[in-house]
file start-v9.tsv (TSV, C-alpha atoms)
chain	number	residue	atom	x	y	z
K	1	MET	CA	-57.31	-271.44	110.17
K	2	ILE	CA	-54.68	-270.33	107.70
K	3	PRO	CA	-51.88	-268.30	109.30
K	4	SER	CA	-51.35	-264.80	107.97
K	5	VAL	CA	-48.20	-263.92	106.07
K	6	PRO	CA	-46.97	-261.62	108.87
K	7	ALA	CA	-47.45	-264.43	111.43
K	8	VAL	CA	-45.48	-266.85	109.25
K	9	LEU	CA	-42.70	-264.31	108.76
K	10	MET	CA	-42.49	-263.67	112.51
K	11	ASP	CA	-42.19	-267.42	113.13
K	12	LEU	CA	-39.50	-267.66	110.48
K	13	ALA	CA	-37.58	-264.79	112.06
K	14	GLY	CA	-37.58	-266.73	115.32
K	15	LYS	CA	-36.36	-269.90	113.59
K	16	VAL	CA	-33.54	-268.04	111.85
K	17	ALA	CA	-32.46	-266.38	115.10
K	18	ALA	CA	-32.58	-269.66	117.02
K	19	ASN	CA	-30.58	-271.49	114.37
K	20	ALA	CA	-27.83	-268.88	114.37
K	21	ALA	CA	-26.50	-270.26	117.64
K	22	PRO	CA	-23.35	-272.37	117.14
K	23	SER	CA	-24.67	-275.01	119.55
K	24	VAL	CA	-27.56	-276.01	117.25
K	25	ASN	CA	-27.20	-279.51	115.86
K	26	PRO	CA	-26.32	-279.23	112.13
K	27	VAL	CA	-29.08	-281.71	111.19
K	28	ASP	CA	-31.68	-279.67	113.10
K	29	ARG	CA	-30.34	-276.45	111.54
K	30	ALA	CA	-30.55	-277.89	108.02
K	31	SER	CA	-34.11	-279.08	108.63
K	32	ALA	CA	-35.24	-275.74	110.08
K	33	LEU	CA	-33.59	-273.76	107.29
K	34	GLY	CA	-35.12	-275.97	104.58
K	35	LEU	CA	-38.57	-275.52	106.11
K	36	SER	CA	-37.94	-271.78	106.45
K	37	ALA	CA	-36.98	-271.48	102.78
K	38	MET	CA	-40.12	-273.32	101.70
K	39	LEU	CA	-42.36	-271.19	103.92
K	40	MET	CA	-40.77	-267.97	102.66
K	41	GLY	CA	-41.53	-269.03	99.09
K	42	LEU	CA	-45.16	-269.75	99.96
K	43	ALA	CA	-45.42	-266.47	101.88
K	44	ALA	CA	-44.04	-264.54	98.89
K	45	GLU	CA	-46.58	-266.19	96.56
K	46	SER	CA	-49.44	-265.51	98.97
K	47	TRP	CA	-48.37	-261.92	99.61
K	48	ASP	CA	-48.11	-261.14	95.90
K	49	SER	CA	-51.71	-262.14	95.18
K	50	ALA	CA	-53.47	-261.34	98.46
K	51	ALA	CA	-54.86	-257.89	97.57
K	52	HIS	CA	-56.04	-259.08	94.14
K	53	HIS	CA	-57.88	-262.06	95.63
K	54	LEU	CA	-59.55	-259.95	98.32
K	55	VAL	CA	-60.71	-257.28	95.86
K	56	MET	CA	-62.11	-259.90	93.46
K	57	GLU	CA	-63.80	-261.76	96.29
K	58	ASN	CA	-65.29	-258.60	97.80
K	59	ARG	CA	-66.74	-257.66	94.40
K	60	ALA	CA	-68.25	-261.12	93.96
K	61	PHE	CA	-69.70	-261.07	97.48
K	62	ARG	CA	-71.27	-257.65	96.90
K	63	ALA	CA	-72.88	-258.86	93.68
K	64	LEU	CA	-74.34	-261.91	95.44
K	65	LEU	CA	-75.59	-259.79	98.33
K	66	ALA	CA	-77.29	-257.40	95.89
K	67	LYS	CA	-78.88	-260.34	94.06
K	68	GLY	CA	-80.28	-261.69	97.33
K	69	ALA	CA	-81.43	-258.35	98.76
K	70	ALA	CA	-85.04	-259.53	98.81
K	71	TYR	CA	-84.09	-262.25	101.33
K	72	ALA	CA	-81.57	-260.38	103.48
K	73	PRO	CA	-80.73	-256.69	103.24
K	74	PRO	CA	-77.12	-256.22	102.14
K	75	PRO	CA	-74.77	-254.39	104.48
K	76	ALA	CA	-74.27	-250.66	104.01
K	77	GLU	CA	-72.09	-249.77	101.05
K	78	HIS	CA	-68.47	-249.27	101.90
K	79	ALA	CA	-66.11	-247.53	99.49
K	80	GLU	CA	-63.24	-249.85	98.72
K	81	ASP	CA	-60.60	-247.16	98.50
K	82	ASP	CA	-58.21	-248.46	101.15
K	83	PHE	CA	-56.18	-251.23	99.56
K	84	ARG	CA	-54.10	-252.17	102.59
K	85	LEU	CA	-54.45	-255.90	103.18
K	86	SER	CA	-55.78	-255.32	106.69
K	87	ALA	CA	-58.57	-253.06	105.37
K	88	LEU	CA	-59.44	-255.41	102.51
K	89	ALA	CA	-59.51	-258.39	104.89
K	90	ALA	CA	-61.75	-256.51	107.35
K	91	GLU	CA	-64.19	-255.69	104.56
K	92	ASN	CA	-64.02	-259.30	103.39
K	93	GLY	CA	-64.96	-260.47	106.88
K	94	ARG	CA	-67.90	-258.04	107.00
K	95	LEU	CA	-69.15	-259.22	103.60
K	96	ARG	CA	-68.65	-262.89	104.49
K	97	ALA	CA	-70.78	-262.46	107.61
K	98	ALA	CA	-73.53	-260.92	105.48
K	99	LEU	CA	-73.17	-263.71	102.92
K	100	ILE	CA	-73.65	-266.31	105.66
K	101	THR	CA	-76.85	-264.53	106.69
K	102	LEU	CA	-78.02	-264.50	103.07
K	103	GLN	CA	-77.16	-268.16	102.52
K	104	THR	CA	-79.14	-269.11	105.62
K	105	ALA	CA	-82.09	-267.07	104.34
K	106	VAL	CA	-82.11	-268.55	100.83
K	107	GLU	CA	-81.38	-272.17	101.71
K	108	GLY	CA	-84.40	-274.19	100.61
K	109	ARG	CA	-86.06	-271.07	99.15
K	110	ASP	CA	-83.93	-269.96	96.20
K	111	ALA	CA	-81.73	-272.66	94.74
K	112	ALA	CA	-80.15	-270.36	92.15
K	113	ILE	CA	-78.80	-267.87	94.69
K	114	ASN	CA	-77.84	-270.64	97.10
K	115	ASP	CA	-75.89	-272.42	94.34
K	116	ALA	CA	-74.23	-269.15	93.29
K	117	ILE	CA	-73.09	-268.50	96.87
K	118	TRP	CA	-71.57	-271.97	97.18
K	119	ALA	CA	-69.94	-271.65	93.76
K	120	GLU	CA	-68.26	-268.40	94.81
K	121	LEU	CA	-67.10	-269.90	98.11
K	122	ARG	CA	-65.53	-272.81	96.20
K	123	ALA	CA	-63.94	-270.36	93.75
K	124	SER	CA	-62.52	-268.27	96.60
K	125	THR	CA	-60.92	-271.39	98.05
K	126	GLU	CA	-59.40	-272.24	94.67
K	127	ARG	CA	-58.00	-268.72	94.30
K	128	ARG	CA	-56.16	-269.05	97.58
K	129	LYS	CA	-54.37	-272.26	96.66
K	130	THR	CA	-50.64	-271.89	96.24
K	131	GLN	CA	-48.58	-273.68	93.63
K	132	GLY	CA	-47.50	-276.21	96.26
K	133	SER	CA	-51.06	-277.07	97.31
K	134	ALA	CA	-52.20	-280.66	96.98
K	135	VAL	CA	-54.83	-281.24	94.34
call {"tool": "encode", "arguments": {"input": "start-v9.tsv", "output": "structure tokens"}}
result
Amino acid sequence: MIPSVPAVLMDLAGKVAANAAPSVNPVDRASALGLSAMLMGLAAESWDSAAHHLVMENRAFRALLAKGAAYAPPPAEHAEDDFRLSALAAENGRLRAALITLQTAVEGRDAAINDAIWAELRASTERRKTQGSAV
């Protein structure tokens, strides 16, 4: 599981507060602050692109679900007019669940749709990589 940006920021807030105490060993403080700085940079990068990635992914999932409607009925249409990350992520989860159902239905029956599903899942993973991700 990948932690959410808010969860990372809450953890960082705790680290900063804990390292403010004068009794903290300077080596431990330096290590915690270096890690905190790196995590804040990754959180900023992730936060900046999160809505874009979710909207693009949701559109791709809907297209795949429509293409495979003969194998598994797509979920009811849902207007994507709430662009809060929590709403986009909830819709993404709903579409992912439907995509899993579709992939199960087409596996061994429709190689083109199956391959397209896996290609999109690989692409969604690539989109989420940060600049610091290992290749």
call {"tool": "residues_around", "arguments": {"input": "start-v9.tsv", "residues": "Met40 of chain K", "least_positions_apart": "3", "cutoff": "8 Å", "atoms": "only C-alpha atoms", "output": "number ranges by chain"}}
result
K: 9, 12, 36-37, 43-44
call {"tool": "atom_distance", "arguments": {"input": "start-v9.tsv", "atom1": "atom CA of His53 of chain K", "atom2": "atom CA of Glu77 of chain K"}}
result
19.6 Å
call {"tool": "closest_residue", "arguments": {"input": "start-v9.tsv", "among": "K:Ser46, K:Gln103, K:Ser86, K:Ser4", "to": "Phe61 of chain K", "atoms": "only C-alpha atoms"}}
result
K:Gln103
call {"tool": "atom_distance", "arguments": {"input": "start-v9.tsv", "atom1": "atom CA of Arg84 of chain K", "atom2": "atom CA of Arg59 of chain K"}}
result
16.0 Å
call {"tool": "residues_around", "arguments": {"input": "start-v9.tsv", "residues": "Gly68 of chain K", "least_positions_apart": "3", "cutoff": "12 Å", "atoms": "all atoms listed in the file", "output": "NGL selection string"}}
result
:K and (61-65 or 71-75 or 98-107 or 109-117)
call {"tool": "atom_distance", "arguments": {"input": "start-v9.tsv", "atom1": "atom CA of Gly34 of chain K", "atom2": "atom CA of Thr130 of chain K"}}
result
18.1 Å
call {"tool": "closest_residue", "arguments": {"input": "start-v9.tsv", "among": "K:Ala20, K:Gly14, K:Glu57, K:Pro26", "to": "Glu126 of chain K", "atoms": "all atoms listed in the file"}}
result
K:Glu57
call {"tool": "residues_near_point", "arguments": {"input": "start-v9.tsv", "point": "(-66.9, -251.9, 101.0)", "cutoff": "8 Å", "atoms": "all atoms listed in the file", "output": "list in words"}}
result
Asn58, Glu77, His78, Ala79, Glu80 and Glu91 of chain K
call {"tool": "closest_residue", "arguments": {"input": "start-v9.tsv", "among": "K:Glu45, K:Val24, K:Lys15, K:Ala90", "to": "Lys129 of chain K", "atoms": "only C-alpha atoms"}}
result
K:Glu45
call {"tool": "closest_residue", "arguments": {"input": "start-v9.tsv", "among": "K:Ala87, K:Ala76, K:Ala69, K:Leu39", "to": "Pro6 of chain K", "atoms": "only C-alpha atoms"}}
result
K:Leu39
call {"tool": "residues_around", "arguments": {"input": "start-v9.tsv", "residues": "Leu33 of chain K", "least_positions_apart": "5", "cutoff": "9 Å", "atoms": "all atoms listed in the file", "output": "number ranges by chain"}}
result
K: 15-16, 19, 28, 38
call {"tool": "closest_residue", "arguments": {"input": "start-v9.tsv", "among": "K:Leu35, K:Ala18, K:Ala70, K:Val5", "to": "Leu85 of chain K", "atoms": "only C-alpha atoms"}}
result
K:Val5
call {"tool": "axis_aligned_box", "arguments": {"input": "start-v9.tsv", "around": "segment 115-127 of chain K", "padding_each_side": "3 Å", "output": "lines of an AutoDock Vina configuration file"}}
result
center_x = -66.9
center_y = -270.5
center_z = 95.7
size_x = 23.9
size_y = 10.5
size_z = 10.8
call {"tool": "residues_around", "arguments": {"input": "start-v9.tsv", "residues": "Arg128 of chain K", "least_positions_apart": "6", "cutoff": "12 Å", "atoms": "only C-alpha atoms", "output": "ChimeraX atom specification"}}
result
/K:2,42-43,45-54,56-57,121-122
